[in-house]
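Quick notes on the structure that follows.
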Amino acid sequence: MKSLGTTISRVFSKRGLAIAGTALLLGGCSVIPKTGPSQTTGPVATPTPEPSATALPSDATRHRVALLVPMGGNTSAVGQSLANATTMALLDTNANNLRITTYDTSKGAGAAARRAIADGNKLILGPLLAENVPAVQAAARPAKVPAIAFSNDTRVASADVFLMGHVPEQSIRRSVAYARARGSNNFAALVPEGTYGQRSFDALTSALSDYGGNLIGSAQYARGNTSIVSAAQRLRAAGGYDTVLIADGARLAVQAAGEVRSSGAEGTRILGTELWSGESVLTRSGAINGAIFSAVSDGRYKRFADSYEARFGNKPYRIATLGYDSVLLTLRVARDWRVGRNFPTSMMFDRGGFLGVDGPFRFGRDGIAERALEVREVRSNSVVPVEAAPTSFGG
């Protein structure tokens with residue numbers, strides 16, 4: 001699959017926009033960007049790879065952190081967006097204790113990781129793709145260098161590979177709990193072929209085991225409008241459900257919803273996944289009206305996106321917040337991390353968690369970020385929160 005105190009210390013940037021992103025150890029300290037207009041409206045250069053290990057300057061006061069993202073190939077635009085976001089985080093916080101160097105994974109993630117280790121980096125941010133994690137880990141683990149990856153594929157998480165991605169399992173679980181509390185009893189699922197579909201189906205069955213409810217049936221499809229509509233028709237012919245999970249993006253969900261709710265099933269509750277977040281197509285189709293899904297709050301995202309566009313001249317990919325928050329997280333841990341020493345991974349497991357642009361999150365011993373999710377409902381021409389995300393984690 002390539003797919004989540006009492007003392008407050010403020011670190012102000014002279015150039016950043018207010019975006020309300022923080023790296024807060026809940027019950028501890030925070031890093032809060034400055035409020036105020038941006039002084040930079042043009043593009044800002046992102047960290048770039050140094051030509052060789054010997055070209056890297058000696059740092060006595062700065063931690064060396066490697067950013068491993070694709071700067072070429074089909075995912076280069078996503079990699080650039082992540083790199084831009086890490087730069088923005090450094091500027092917004094006026095951080096002077098980190099040196100972030102970008103290494104291009106498009107020509108080999110293992111080679112990029114080996115070079116990063118040889119250059120003396122003690123922490124890796126990335127890679128983007130789950131398929132690149134094993135090669136990065138093979139190079140980094142012997143050097144005791146952990147990675148904070150941007151993937152959401154839980155299979156590659158470990159005690160030294162932390163996943164920042166928003167995972168479908170958490171989104172589906174949250175939505176099922178909400179639906180069960182509001183009368184949903186008989187569930188069915190439309191899932192795509194492949195890893196994401198299987199993970200989504202497993203998440204549904206696990207949630208039903210914990211919260212109650214019956215799994216009536218499911219239908220699988222190859223991604224594409226015709227296939228999902230045919231699968232929805234098969235599901236409708238079998239019937240018996242009052243709630244259907246459509247585990248795909250908003251565009252395909254809209255295509256299937258009309259069939260799922262046809263022939264007397266107009267009252268069917270539709271559940272989506274975190275893939276629906278930010279998708280405007282949801283507000284342009286009556287077929288999906290009343291559907292619910294769970295995702296991280298967008299409360300801070302708009303200011304982040306506006307700040308990003310002002311600096312770099314284009315809109316960020318939604319995943320760019322992971323790059324920003326990974327830097328803020330690193331800055332928080334850096335308060336207890338001596339330059340030149342190994343990264344203190346034990347700090348990542350604080351049960352109180354951290355707070356970033358995407359809201360509260362914390363890491364389990366499995367390396368997966370547990371996120372506080374809100375439940376949203378599609379209502380005519382808008383998507384509105386119907387149950388707020390928790391503001392902190394209990395024990």
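Numbering starts fresh at 1 for the residues of each chain in the structure tokens, the chains themselves are lettered A, B, ... in the order given, and ligands are numbered from 1 as they appear.
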- request: Please identify all polymer residues within 8 Å of range 289-301 of chain A, counting only C-alpha atoms, omitting same-chain residues fewer than 3 positions from it, and present them as a ChimeraX atom specification.
  value: /A:19-21,171-172,174-175,269-274,276-277,282-283,285-286,304-305,321,357-359,371-380,389
Residues of range 112-143 of chain A that have any atom at most 12 Å from an atom of range 149-156 of chain A: could you tabulate them with the shortest-distance atom pair and the distance in Å to one decimal, using only C-alpha atoms, ordered by chain and increasing number, as a tab-separated table?
```
residue	atom	partner	partner_atom	distance
A:Leu123	CA	A:Ala149	CA	10.9
A:Ile124	CA	A:Ala149	CA	8.0
A:Leu125	CA	A:Ala149	CA	6.0
A:Gly126	CA	A:Ala149	CA	4.0
A:Pro127	CA	A:Ala149	CA	5.2
A:Leu128	CA	A:Phe150	CA	4.9
A:Leu129	CA	A:Ser151	CA	5.7
A:Ala130	CA	A:Ser151	CA	5.5
A:Glu131	CA	A:Val156	CA	8.5
A:Asn132	CA	A:Val156	CA	9.5
A:Val133	CA	A:Val156	CA	6.7
A:Pro134	CA	A:Val156	CA	7.6
A:Ala135	CA	A:Val156	CA	11.1
A:Val136	CA	A:Ala149	CA	10.0
A:Gln137	CA	A:Val156	CA	9.7
```
Export, as an mmCIF file, in the first residue's frame, the selected residues with all heavy atoms.
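For reference, result09.cif as written:
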```
data_model
loop_
_atom_site.group_PDB
_atom_site.id
_atom_site.type_symbol
_atom_site.label_atom_id
_atom_site.label_comp_id
_atom_site.auth_asym_id
_atom_site.auth_seq_id
_atom_site.Cartn_x
_atom_site.Cartn_y
_atom_site.Cartn_z
ATOM 1 N N LEU A 123 18.373 11.324 12.690
ATOM 2 C CA LEU A 123 16.940 11.095 12.571
ATOM 3 C C LEU A 123 16.560 11.215 11.114
ATOM 4 O O LEU A 123 17.089 12.069 10.395
ATOM 5 C CB LEU A 123 16.147 12.103 13.402
ATOM 6 C CG LEU A 123 14.616 12.060 13.277
ATOM 7 C CD1 LEU A 123 14.055 10.763 13.854
ATOM 8 C CD2 LEU A 123 13.975 13.270 13.967
ATOM 9 N N ILE A 124 15.649 10.356 10.666
ATOM 10 C CA ILE A 124 15.142 10.415 9.298
ATOM 11 C C ILE A 124 13.666 10.788 9.331
ATOM 12 O O ILE A 124 12.881 10.171 10.070
ATOM 13 C CB ILE A 124 15.314 9.063 8.580
ATOM 14 C CG1 ILE A 124 16.803 8.805 8.300
ATOM 15 C CG2 ILE A 124 14.512 9.016 7.278
ATOM 16 C CD1 ILE A 124 17.090 7.422 7.763
ATOM 17 N N LEU A 125 13.296 11.796 8.557
ATOM 18 C CA LEU A 125 11.897 12.128 8.308
ATOM 19 C C LEU A 125 11.565 11.546 6.945
ATOM 20 O O LEU A 125 12.117 11.954 5.940
ATOM 21 C CB LEU A 125 11.668 13.644 8.339
ATOM 22 C CG LEU A 125 12.126 14.384 9.594
ATOM 23 C CD1 LEU A 125 11.788 15.866 9.474
ATOM 24 C CD2 LEU A 125 11.506 13.777 10.841
ATOM 25 N N GLY A 126 10.643 10.594 6.889
ATOM 26 C CA GLY A 126 10.355 9.880 5.661
ATOM 27 C C GLY A 126 10.686 8.403 5.863
ATOM 28 O O GLY A 126 11.036 7.991 6.975
ATOM 29 N N PRO A 127 10.549 7.609 4.799
ATOM 30 C CA PRO A 127 10.199 7.999 3.442
ATOM 31 C C PRO A 127 8.689 8.209 3.277
ATOM 32 O O PRO A 127 7.929 8.034 4.215
ATOM 33 C CB PRO A 127 10.677 6.800 2.613
ATOM 34 C CG PRO A 127 10.475 5.639 3.548
ATOM 35 C CD PRO A 127 10.837 6.175 4.913
ATOM 36 N N LEU A 128 8.304 8.561 2.059
ATOM 37 C CA LEU A 128 6.893 8.774 1.746
ATOM 38 C C LEU A 128 6.159 7.452 1.542
ATOM 39 O O LEU A 128 5.059 7.269 2.054
ATOM 40 C CB LEU A 128 6.772 9.635 0.481
ATOM 41 C CG LEU A 128 5.385 9.763 -0.149
ATOM 42 C CD1 LEU A 128 4.418 10.437 0.808
ATOM 43 C CD2 LEU A 128 5.469 10.533 -1.470
ATOM 44 N N LEU A 129 6.757 6.545 0.791
ATOM 45 C CA LEU A 129 6.080 5.315 0.387
ATOM 46 C C LEU A 129 6.422 4.152 1.306
ATOM 47 O O LEU A 129 7.583 3.949 1.678
ATOM 48 C CB LEU A 129 6.463 4.956 -1.051
ATOM 49 C CG LEU A 129 6.197 6.033 -2.104
ATOM 50 C CD1 LEU A 129 6.651 5.555 -3.479
ATOM 51 C CD2 LEU A 129 4.732 6.433 -2.122
ATOM 52 N N ALA A 130 5.412 3.365 1.632
ATOM 53 C CA ALA A 130 5.620 2.201 2.488
ATOM 54 C C ALA A 130 6.609 1.228 1.869
ATOM 55 O O ALA A 130 7.400 0.594 2.578
ATOM 56 C CB ALA A 130 4.287 1.510 2.750
ATOM 57 N N GLU A 131 6.583 1.103 0.556
ATOM 58 C CA GLU A 131 7.469 0.150 -0.113
ATOM 59 C C GLU A 131 8.945 0.511 0.060
ATOM 60 O O GLU A 131 9.826 -0.337 -0.120
ATOM 61 C CB GLU A 131 7.135 0.074 -1.603
ATOM 62 C CG GLU A 131 7.376 1.370 -2.348
ATOM 63 C CD GLU A 131 6.747 1.377 -3.724
ATOM 64 O OE1 GLU A 131 5.613 0.875 -3.860
ATOM 65 O OE2 GLU A 131 7.385 1.881 -4.666
ATOM 66 N N ASN A 132 9.230 1.751 0.424
ATOM 67 C CA ASN A 132 10.610 2.175 0.625
ATOM 68 C C ASN A 132 11.101 2.005 2.065
ATOM 69 O O ASN A 132 12.292 2.148 2.333
ATOM 70 C CB ASN A 132 10.769 3.646 0.224
ATOM 71 C CG ASN A 132 10.700 3.862 -1.269
ATOM 72 O OD1 ASN A 132 10.964 2.941 -2.039
ATOM 73 N ND2 ASN A 132 10.334 5.063 -1.682
ATOM 74 N N VAL A 133 10.178 1.729 2.970
ATOM 75 C CA VAL A 133 10.560 1.650 4.387
ATOM 76 C C VAL A 133 11.576 0.540 4.662
ATOM 77 O O VAL A 133 12.565 0.775 5.372
ATOM 78 C CB VAL A 133 9.316 1.508 5.273
ATOM 79 C CG1 VAL A 133 9.715 1.132 6.707
ATOM 80 C CG2 VAL A 133 8.514 2.800 5.273
ATOM 81 N N PRO A 134 11.403 -0.696 4.147
ATOM 82 C CA PRO A 134 12.382 -1.734 4.465
ATOM 83 C C PRO A 134 13.813 -1.367 4.074
ATOM 84 O O PRO A 134 14.747 -1.636 4.840
ATOM 85 C CB PRO A 134 11.875 -2.948 3.670
ATOM 86 C CG PRO A 134 10.394 -2.726 3.561
ATOM 87 C CD PRO A 134 10.257 -1.244 3.381
ATOM 88 N N ALA A 135 13.995 -0.757 2.913
ATOM 89 C CA ALA A 135 15.344 -0.382 2.480
ATOM 90 C C ALA A 135 15.928 0.705 3.369
ATOM 91 O O ALA A 135 17.116 0.687 3.708
ATOM 92 C CB ALA A 135 15.312 0.091 1.027
ATOM 93 N N VAL A 136 15.091 1.648 3.771
ATOM 94 C CA VAL A 136 15.547 2.710 4.667
ATOM 95 C C VAL A 136 15.893 2.124 6.032
ATOM 96 O O VAL A 136 16.927 2.442 6.630
ATOM 97 C CB VAL A 136 14.472 3.807 4.803
ATOM 98 C CG1 VAL A 136 14.825 4.789 5.911
ATOM 99 C CG2 VAL A 136 14.303 4.544 3.476
ATOM 100 N N GLN A 137 15.040 1.255 6.518
ATOM 101 C CA GLN A 137 15.268 0.656 7.831
ATOM 102 C C GLN A 137 16.530 -0.195 7.838
ATOM 103 O O GLN A 137 17.280 -0.200 8.829
ATOM 104 C CB GLN A 137 14.054 -0.183 8.224
ATOM 105 C CG GLN A 137 14.087 -0.676 9.667
ATOM 106 C CD GLN A 137 12.809 -1.403 10.026
ATOM 107 O OE1 GLN A 137 12.284 -2.181 9.225
ATOM 108 N NE2 GLN A 137 12.295 -1.172 11.221
#
```
field: CA of Phe354 in chain A to CA of Gln170 in chain A, straight-line distance in Å
entry: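 Atom-to-atom, CA of Gln170 in chain A and CA of Phe354 in chain A are spaced 17.3 Å apart.
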- prompt: What is the distance, in Å and to one decimal place, between CA of Tyr317 in chain A and CA of Lys302 in chain A?
  reply: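 The value is 12.2 Å.
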Spatial neighbours of Val333 in chain A, 8 Å, only C-alpha atoms, chain gap at least 5 places, as an mmCIF file with N, CA and C atoms, in the first residue's frame:
```cif
data_model
loop_
_atom_site.group_PDB
_atom_site.id
_atom_site.type_symbol
_atom_site.label_atom_id
_atom_site.label_comp_id
_atom_site.auth_asym_id
_atom_site.auth_seq_id
_atom_site.Cartn_x
_atom_site.Cartn_y
_atom_site.Cartn_z
ATOM 1 N N PRO A 344 16.482 10.292 21.001
ATOM 2 C CA PRO A 344 15.865 9.597 22.145
ATOM 3 C C PRO A 344 14.464 9.087 21.803
ATOM 4 N N MET A 347 11.217 9.253 24.005
ATOM 5 C CA MET A 347 10.395 10.452 24.104
ATOM 6 C C MET A 347 9.163 10.379 23.200
ATOM 7 N N MET A 348 9.202 9.526 22.196
ATOM 8 C CA MET A 348 8.096 9.429 21.237
ATOM 9 C C MET A 348 6.886 8.719 21.831
#
```
task: Just give me the gap between CA of Ala113 in chain A and CA of Phe312 in chain A in Å, one decimal is fine.
output: 27.0 Å
Show me, as JSON lines, the residues of range 87-189 of chain A having an atom within 7 Å of range 59-68 of chain A, each with the closest atom pair and its distance in Å, using only C-alpha atoms.
```
{"residue": "A:Asn97", "atom": "CA", "partner": "A:Arg62", "partner_atom": "CA", "distance": 4.2}
{"residue": "A:Leu98", "atom": "CA", "partner": "A:His63", "partner_atom": "CA", "distance": 4.8}
{"residue": "A:Arg99", "atom": "CA", "partner": "A:Arg64", "partner_atom": "CA", "distance": 5.0}
{"residue": "A:Ile100", "atom": "CA", "partner": "A:Val65", "partner_atom": "CA", "distance": 4.8}
{"residue": "A:Thr101", "atom": "CA", "partner": "A:Ala66", "partner_atom": "CA", "distance": 5.0}
{"residue": "A:Thr102", "atom": "CA", "partner": "A:Leu67", "partner_atom": "CA", "distance": 4.6}
{"residue": "A:Tyr103", "atom": "CA", "partner": "A:Leu68", "partner_atom": "CA", "distance": 5.0}
{"residue": "A:Asp104", "atom": "CA", "partner": "A:Leu68", "partner_atom": "CA", "distance": 6.1}
{"residue": "A:Thr105", "atom": "CA", "partner": "A:Leu68", "partner_atom": "CA", "distance": 6.1}
{"residue": "A:Ala116", "atom": "CA", "partner": "A:Ala66", "partner_atom": "CA", "distance": 6.1}
{"residue": "A:Gly120", "atom": "CA", "partner": "A:Arg64", "partner_atom": "CA", "distance": 6.8}
{"residue": "A:Asn121", "atom": "CA", "partner": "A:Arg64", "partner_atom": "CA", "distance": 4.6}
{"residue": "A:Lys122", "atom": "CA", "partner": "A:Val65", "partner_atom": "CA", "distance": 6.0}
{"residue": "A:Leu123", "atom": "CA", "partner": "A:Val65", "partner_atom": "CA", "distance": 5.0}
{"residue": "A:Ile124", "atom": "CA", "partner": "A:Ala66", "partner_atom": "CA", "distance": 4.7}
{"residue": "A:Leu125", "atom": "CA", "partner": "A:Leu67", "partner_atom": "CA", "distance": 4.7}
{"residue": "A:Gly126", "atom": "CA", "partner": "A:Leu68", "partner_atom": "CA", "distance": 4.9}
{"residue": "A:Pro127", "atom": "CA", "partner": "A:Leu68", "partner_atom": "CA", "distance": 5.1}
```
Go ahead and write the residues just picked, all heavy atoms, as a tab-separated table (two decimals), in the first residue's frame.
```
chain	number	residue	atom	x	y	z
A	97	ASN	N	18.31	25.07	15.84
A	97	ASN	CA	19.01	23.91	16.38
A	97	ASN	C	18.83	22.65	15.53
A	97	ASN	O	19.20	21.56	15.95
A	97	ASN	CB	18.56	23.63	17.81
A	97	ASN	CG	17.08	23.31	17.91
A	97	ASN	OD1	16.31	23.63	17.00
A	97	ASN	ND2	16.67	22.69	19.01
A	98	LEU	N	18.25	22.81	14.33
A	98	LEU	CA	18.10	21.68	13.41
A	98	LEU	C	18.71	22.02	12.06
A	98	LEU	O	18.56	23.14	11.57
A	98	LEU	CB	16.62	21.33	13.18
A	98	LEU	CG	15.75	20.89	14.36
A	98	LEU	CD1	14.36	20.53	13.85
A	98	LEU	CD2	16.36	19.71	15.09
A	99	ARG	N	19.40	21.07	11.47
A	99	ARG	CA	19.81	21.17	10.07
A	99	ARG	C	19.11	20.03	9.33
A	99	ARG	O	19.41	18.85	9.58
A	99	ARG	CB	21.32	21.04	9.91
A	99	ARG	CG	21.76	20.99	8.43
A	99	ARG	CD	23.25	20.79	8.29
A	99	ARG	NE	23.97	21.98	8.73
A	99	ARG	CZ	24.17	23.06	7.97
A	99	ARG	NH1	23.65	23.11	6.75
A	99	ARG	NH2	24.83	24.08	8.43
A	100	ILE	N	18.16	20.38	8.48
A	100	ILE	CA	17.43	19.37	7.71
A	100	ILE	C	17.96	19.33	6.29
A	100	ILE	O	17.95	20.34	5.60
A	100	ILE	CB	15.92	19.65	7.72
A	100	ILE	CG1	15.38	19.60	9.16
A	100	ILE	CG2	15.18	18.63	6.86
A	100	ILE	CD1	13.89	19.83	9.28
A	101	THR	N	18.43	18.17	5.87
A	101	THR	CA	18.97	17.97	4.53
A	101	THR	C	18.08	16.99	3.78
A	101	THR	O	17.73	15.94	4.30
A	101	THR	CB	20.40	17.41	4.60
A	101	THR	OG1	21.20	18.25	5.42
A	101	THR	CG2	21.01	17.32	3.21
A	102	THR	N	17.71	17.35	2.56
A	102	THR	CA	16.82	16.52	1.75
A	102	THR	C	17.63	15.53	0.92
A	102	THR	O	18.60	15.90	0.26
A	102	THR	CB	15.96	17.39	0.82
A	102	THR	OG1	15.18	18.29	1.61
A	102	THR	CG2	15.04	16.55	-0.03
A	103	TYR	N	17.18	14.27	0.93
A	103	TYR	CA	17.79	13.21	0.14
A	103	TYR	C	16.71	12.63	-0.76
A	103	TYR	O	15.64	12.24	-0.29
A	103	TYR	CB	18.37	12.13	1.04
A	103	TYR	CG	19.50	12.62	1.92
A	103	TYR	CD1	19.23	13.29	3.12
A	103	TYR	CD2	20.84	12.43	1.56
A	103	TYR	CE1	20.26	13.76	3.93
A	103	TYR	CE2	21.88	12.90	2.36
A	103	TYR	CZ	21.57	13.56	3.55
A	103	TYR	OH	22.59	14.03	4.34
A	104	ASP	N	17.00	12.54	-2.05
A	104	ASP	CA	16.03	12.11	-3.06
A	104	ASP	C	15.92	10.59	-3.08
A	104	ASP	O	16.90	9.89	-3.33
A	104	ASP	CB	16.48	12.63	-4.42
A	104	ASP	CG	15.51	12.31	-5.53
A	104	ASP	OD1	14.41	11.79	-5.27
A	104	ASP	OD2	15.87	12.57	-6.71
A	105	THR	N	14.72	10.08	-2.82
A	105	THR	CA	14.51	8.64	-2.83
A	105	THR	C	14.10	8.09	-4.19
A	105	THR	O	13.96	6.87	-4.34
A	105	THR	CB	13.42	8.24	-1.81
A	105	THR	OG1	12.19	8.90	-2.15
A	105	THR	CG2	13.85	8.62	-0.40
A	116	ALA	N	22.47	9.41	3.93
A	116	ALA	CA	22.04	10.21	5.07
A	116	ALA	C	22.76	9.76	6.35
A	116	ALA	O	23.18	10.59	7.16
A	116	ALA	CB	20.53	10.11	5.25
A	120	GLY	N	25.98	11.67	8.86
A	120	GLY	CA	25.87	11.94	10.29
A	120	GLY	C	24.49	12.31	10.79
A	120	GLY	O	24.35	12.77	11.93
A	121	ASN	N	23.46	12.11	9.97
A	121	ASN	CA	22.10	12.41	10.43
A	121	ASN	C	21.68	11.40	11.49
A	121	ASN	O	21.93	10.20	11.36
A	121	ASN	CB	21.13	12.37	9.24
A	121	ASN	CG	21.37	13.51	8.28
A	121	ASN	OD1	20.97	14.63	8.54
A	121	ASN	ND2	22.05	13.22	7.17
A	122	LYS	N	21.01	11.88	12.52
A	122	LYS	CA	20.60	11.04	13.64
A	122	LYS	C	19.11	10.74	13.64
A	122	LYS	O	18.62	10.02	14.50
A	122	LYS	CB	20.97	11.73	14.96
A	122	LYS	CG	22.47	11.96	15.13
A	122	LYS	CD	23.25	10.64	15.16
A	122	LYS	CE	24.72	10.88	15.46
A	122	LYS	NZ	25.48	9.59	15.48
A	123	LEU	N	18.37	11.32	12.69
A	123	LEU	CA	16.94	11.09	12.57
A	123	LEU	C	16.56	11.21	11.11
A	123	LEU	O	17.09	12.07	10.39
A	123	LEU	CB	16.15	12.10	13.40
A	123	LEU	CG	14.62	12.06	13.28
A	123	LEU	CD1	14.05	10.76	13.85
A	123	LEU	CD2	13.98	13.27	13.97
A	124	ILE	N	15.65	10.36	10.67
A	124	ILE	CA	15.14	10.41	9.30
A	124	ILE	C	13.67	10.79	9.33
A	124	ILE	O	12.88	10.17	10.07
A	124	ILE	CB	15.31	9.06	8.58
A	124	ILE	CG1	16.80	8.81	8.30
A	124	ILE	CG2	14.51	9.02	7.28
A	124	ILE	CD1	17.09	7.42	7.76
A	125	LEU	N	13.30	11.80	8.56
A	125	LEU	CA	11.90	12.13	8.31
A	125	LEU	C	11.56	11.55	6.94
A	125	LEU	O	12.12	11.95	5.94
A	125	LEU	CB	11.67	13.64	8.34
A	125	LEU	CG	12.13	14.38	9.59
A	125	LEU	CD1	11.79	15.87	9.47
A	125	LEU	CD2	11.51	13.78	10.84
A	126	GLY	N	10.64	10.59	6.89
A	126	GLY	CA	10.36	9.88	5.66
A	126	GLY	C	10.69	8.40	5.86
A	126	GLY	O	11.04	7.99	6.97
A	127	PRO	N	10.55	7.61	4.80
A	127	PRO	CA	10.20	8.00	3.44
A	127	PRO	C	8.69	8.21	3.28
A	127	PRO	O	7.93	8.03	4.22
A	127	PRO	CB	10.68	6.80	2.61
A	127	PRO	CG	10.47	5.64	3.55
A	127	PRO	CD	10.84	6.17	4.91
```
Pick from A:Gly212, A:Gly194, A:Gly356, A:Gly239 nearest to Tyr178 in chain A, counting only C-alpha atoms: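 The shortest atom-to-atom distance to Tyr178 in chain A comes from A:Gly212.
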